[in-house]
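Colleague: Below are the structure tokens for one structure; questions will follow.
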Amino acid sequence: MTAKSIIVFALLTCAAPAAAQQRPLDTQDPETIGAGRVLIEGGISGAHGITYPLSGLTGDLWQLPVLGVNVGVSSIADVQITGGPYNSLSITSRQPAPLAGLVTATGDSTHAVQDIALGAKIRLAGETAQRPSFGFRFATRLPNSKHRSGIGQNTTDFGASLLVGKTVQSVRVVGNIGYVIMSEPLDAAKQNDVLTYGLSFARALTQRAEIVAELNGWASTRNGVAPIGTESRGLLKFGGRFTQGPVRLDAGVFVGLHDIDPSIGFTTGVTYVFNAFTLP
């Protein structure tokens with residue numbers, strides 16, 4: 001797939017008041033939520049003009065809702081679960097594709113559950129005045145969404161990333177670099193190792209409000225054309241967050257970097273953090 005021009009951007013921003021909290025960003029901060037704490041987040045997302053090369057479907061994707069739970073199992077480690085019960089695609093076009101014949105939807109829409117991702121994040125080194133904080137994250141995506149929906153891969157992927165975060169004066173900058181072993185949907189005996197990346201910024205406008213931005217995605221490392229279902233993807237996102245006690249509201253808009261990515265989309269949601277248990 002031909003990539004659109006890479007968007008280069010710089011923000012004069014400052015630090016987020018709660019470093020370990022994610023929404024509406026996908027780039028993972030190396031800071032954890034704390035021992036015995038639980039973070040619950042949920043929201044809705046809409047993406048216009050997304051393409052699924054396996055099924056040949058193009059349309060507008062609605063995720064209702066996107067859910068996530070983080071559990072602080074120690075002061076330096078979180079267990080993470082994400083997923084969603086209902087993804088719906090309003091179909092705008094159908095093109096010939098390798099697995100188009102498996103799609104059971106005959107009308108102008110199709111739906112499926114969102115694949116569940118299970119992972120863990122470990123803070124390897126805390127931030128100091130001289131150095132950033134470092135972390136490590138690994139995650140597995142399960143094949144919950146099937147080929148018959150037209151929007152599912154029906155494959156299992158495994159990934160790992162190095163996380164870096166630093167607050168400079170009033171600027172919180174976070175970077176991720178890693179890889180994902182993606183199973184090829186058309187050949188279960190093969191895989192494509194893709195390079196994952198993320199770079200995010202956050203700026204606090206007040207004690208409660210902040211603006212955020214990120215570049216996040218993955219790039220195929222295969223020479224030539226990537227196997228179908230493992231193509232490069234990426235998003236550029238801008239948004240904001242408002243925190244009131246343990247509750248935070250968020251909203252963001254995003255644009256895709258590749259032809260198969262959504263041309264534009266939005267997300268909005270809420271996060272709640274609380275002390276759930278005491279570790280022995």
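The chains in the structure tokens are called A, B, ... from first to last as shown; in each chain the residues are counted from 1, and the ligands are counted from 1 in the order shown.
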Contacts of Glu214 in chain A at 9 Å or less, counting only C-alpha atoms, minus same-chain residues fewer than 4 places along, as a VMD selection string?
Modeller: chain A and resid 25 to 27 198 to 202 235 to 238
Colleague: Could you find all residues in range 72-233 of chain A that DSSP calls helix (DSSP H, G or I) from the backbone, and write them as a list of chain:residue names?
Modeller: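 DSSP-assigned helix (DSSP H, G or I) residues in range 72-233 of chain A: A:Ala100, A:Gly101, A:Leu102, A:His147, A:Arg148, A:Ser149.
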Colleague: So that I can see what lies close to Gly101 in chain A, please list as a list in words the residues with an atom at most 10 Å from it, counting only C-alpha atoms and leaving out residues fewer than 3 positions away in the same chain.
Modeller: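 After dropping sequence-adjacent residues, the list is Ser55, Gly56, Pro96, Ala97, Pro98, Thr104, His147, Arg148 and Gly150 of chain A.
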Colleague: My list of candidates is A:Leu215, A:Leu54, A:Ala47, A:Ala129. Which is closest to Leu99 in chain A when distances are computed with only C-alpha atoms?
Modeller: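 Smallest separation from Leu99 in chain A among the options: A:Leu54.
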Colleague: Skipping near chain neighbours, those fewer than 2 positions away, what residues fall within 12 Å of Pro280 in chain A using only C-alpha atoms, listed as JSON, numbers by chain?
Modeller: {"A": [35, 36, 73, 74, 277, 278]}
Colleague: What's around range 75-77 of chain A at 8 Å? Count only C-alpha atoms, leave out sequence neighbours fewer than 2 positions away in its own chain, and write the answer as an MDAnalysis selection string.
Modeller: chainID A and resid 31:35 72:73 79 120:124
Colleague: Show me, as a count of residues only, the residues that have an atom within 6 Å of range 172-181 of chain A when counting only C-alpha atoms, minus same-chain residues fewer than 4 positions from it.
Modeller: 23
Colleague: Can you check which residues of range 111-249 of chain A DSSP gives as strand (DSSP E or B) on the backbone and send them as a ChimeraX atom specification?
Modeller: /A:111-125,133-141,157-168,171-184,187-204,209-220,233-244,247-249
Colleague: Check the smallest atom-to-atom distance from each of A:Val168, A:Leu102, A:Leu249, A:Ile260 to Thr128 in chain A using only C-alpha atoms, then report the winner.
Modeller: A:Val168
Colleague: A:Pro65, A:Gly83, A:Gly252, A:Pro53: which is nearest Gly229 in chain A, counting only C-alpha atoms?
Modeller: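 For Gly229 in chain A, the nearest of the candidates is A:Pro53.
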Colleague: Record the distance separating CA of Val103 in chain A and CA of Pro185 in chain A, expressed in Å with one decimal.
Modeller: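 So the two atoms, CA of Val103 in chain A and CA of Pro185 in chain A, lie 14.5 Å apart.
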Colleague: For Val66 in chain A, please output as a ChimeraX atom specification all residues within 12 Å (counting only C-alpha atoms; exclusion window: fewer than 5 positions along the same chain).
Modeller: /A:23-24,40-46,81-87,113-117,267-271
Colleague: Next, write the just-selected residues to a file, as a PDB file, in the first residue's frame, keeping C-alpha atoms as the atom set.
Modeller:
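Done, and the output landed in result_18.pdb:
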ATOM      1  CA  ARG A  23      -6.732   7.680  26.966  1.00  0.00           C
ATOM      2  CA  PRO A  24      -7.097   9.023  24.346  1.00  0.00           C
ATOM      3  CA  ILE A  40     -10.950   1.382  34.294  1.00  0.00           C
ATOM      4  CA  GLU A  41     -11.414   3.194  30.985  1.00  0.00           C
ATOM      5  CA  GLY A  42     -14.117   3.154  28.368  1.00  0.00           C
ATOM      6  CA  GLY A  43     -15.131   5.158  25.353  1.00  0.00           C
ATOM      7  CA  ILE A  44     -16.497   5.211  21.840  1.00  0.00           C
ATOM      8  CA  SER A  45     -14.610   5.644  18.592  1.00  0.00           C
ATOM      9  CA  GLY A  46     -15.602   6.392  15.014  1.00  0.00           C
ATOM     10  CA  ILE A  81      -6.703  -6.036  29.411  1.00  0.00           C
ATOM     11  CA  THR A  82      -8.399  -4.255  26.498  1.00  0.00           C
ATOM     12  CA  GLY A  83     -11.240  -5.175  24.164  1.00  0.00           C
ATOM     13  CA  GLY A  84     -14.808  -4.350  23.271  1.00  0.00           C
ATOM     14  CA  PRO A  85     -18.148  -6.096  22.758  1.00  0.00           C
ATOM     15  CA  TYR A  86     -19.303  -4.413  19.564  1.00  0.00           C
ATOM     16  CA  ASN A  87     -17.498  -3.142  16.464  1.00  0.00           C
ATOM     17  CA  VAL A 113     -16.435  -8.184  18.811  1.00  0.00           C
ATOM     18  CA  GLN A 114     -13.119  -6.426  19.220  1.00  0.00           C
ATOM     19  CA  ASP A 115     -10.085  -8.659  19.701  1.00  0.00           C
ATOM     20  CA  ILE A 116      -9.026  -8.916  23.353  1.00  0.00           C
ATOM     21  CA  ALA A 117      -5.443  -7.912  24.143  1.00  0.00           C
ATOM     22  CA  THR A 267     -12.677   9.127  20.084  1.00  0.00           C
ATOM     23  CA  THR A 268     -14.102  10.159  23.430  1.00  0.00           C
ATOM     24  CA  GLY A 269     -14.270   8.441  26.789  1.00  0.00           C
ATOM     25  CA  VAL A 270     -13.798   8.389  30.543  1.00  0.00           C
ATOM     26  CA  THR A 271     -11.213   6.929  32.927  1.00  0.00           C
TER      27      THR A 271
END
Colleague: Between CA of Leu257 in chain A and CA of Gly234 in chain A, what is the distance, to one decimal in Å?
Modeller: 5.3 Å
Colleague: Using only C-alpha atoms, which of the listed residues (A:Ala125, A:Ala112, A:Val69, A:Leu57) sits closest to Asn144 in chain A?
Modeller: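 Selected residue with least distance to Asn144 in chain A: A:Ala112.
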Colleague: By how many Å are CA of Phe254 in chain A and CA of Gly119 in chain A apart?
Modeller: 24.6 Å
Colleague: Quick one: of A:Ala204, A:Ala188, A:Ala209, A:Met182, who's nearest to Ser170 in chain A, counting only C-alpha atoms?
Modeller: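 Ranked by minimum distance to Ser170 in chain A, first place goes to A:Ala204.
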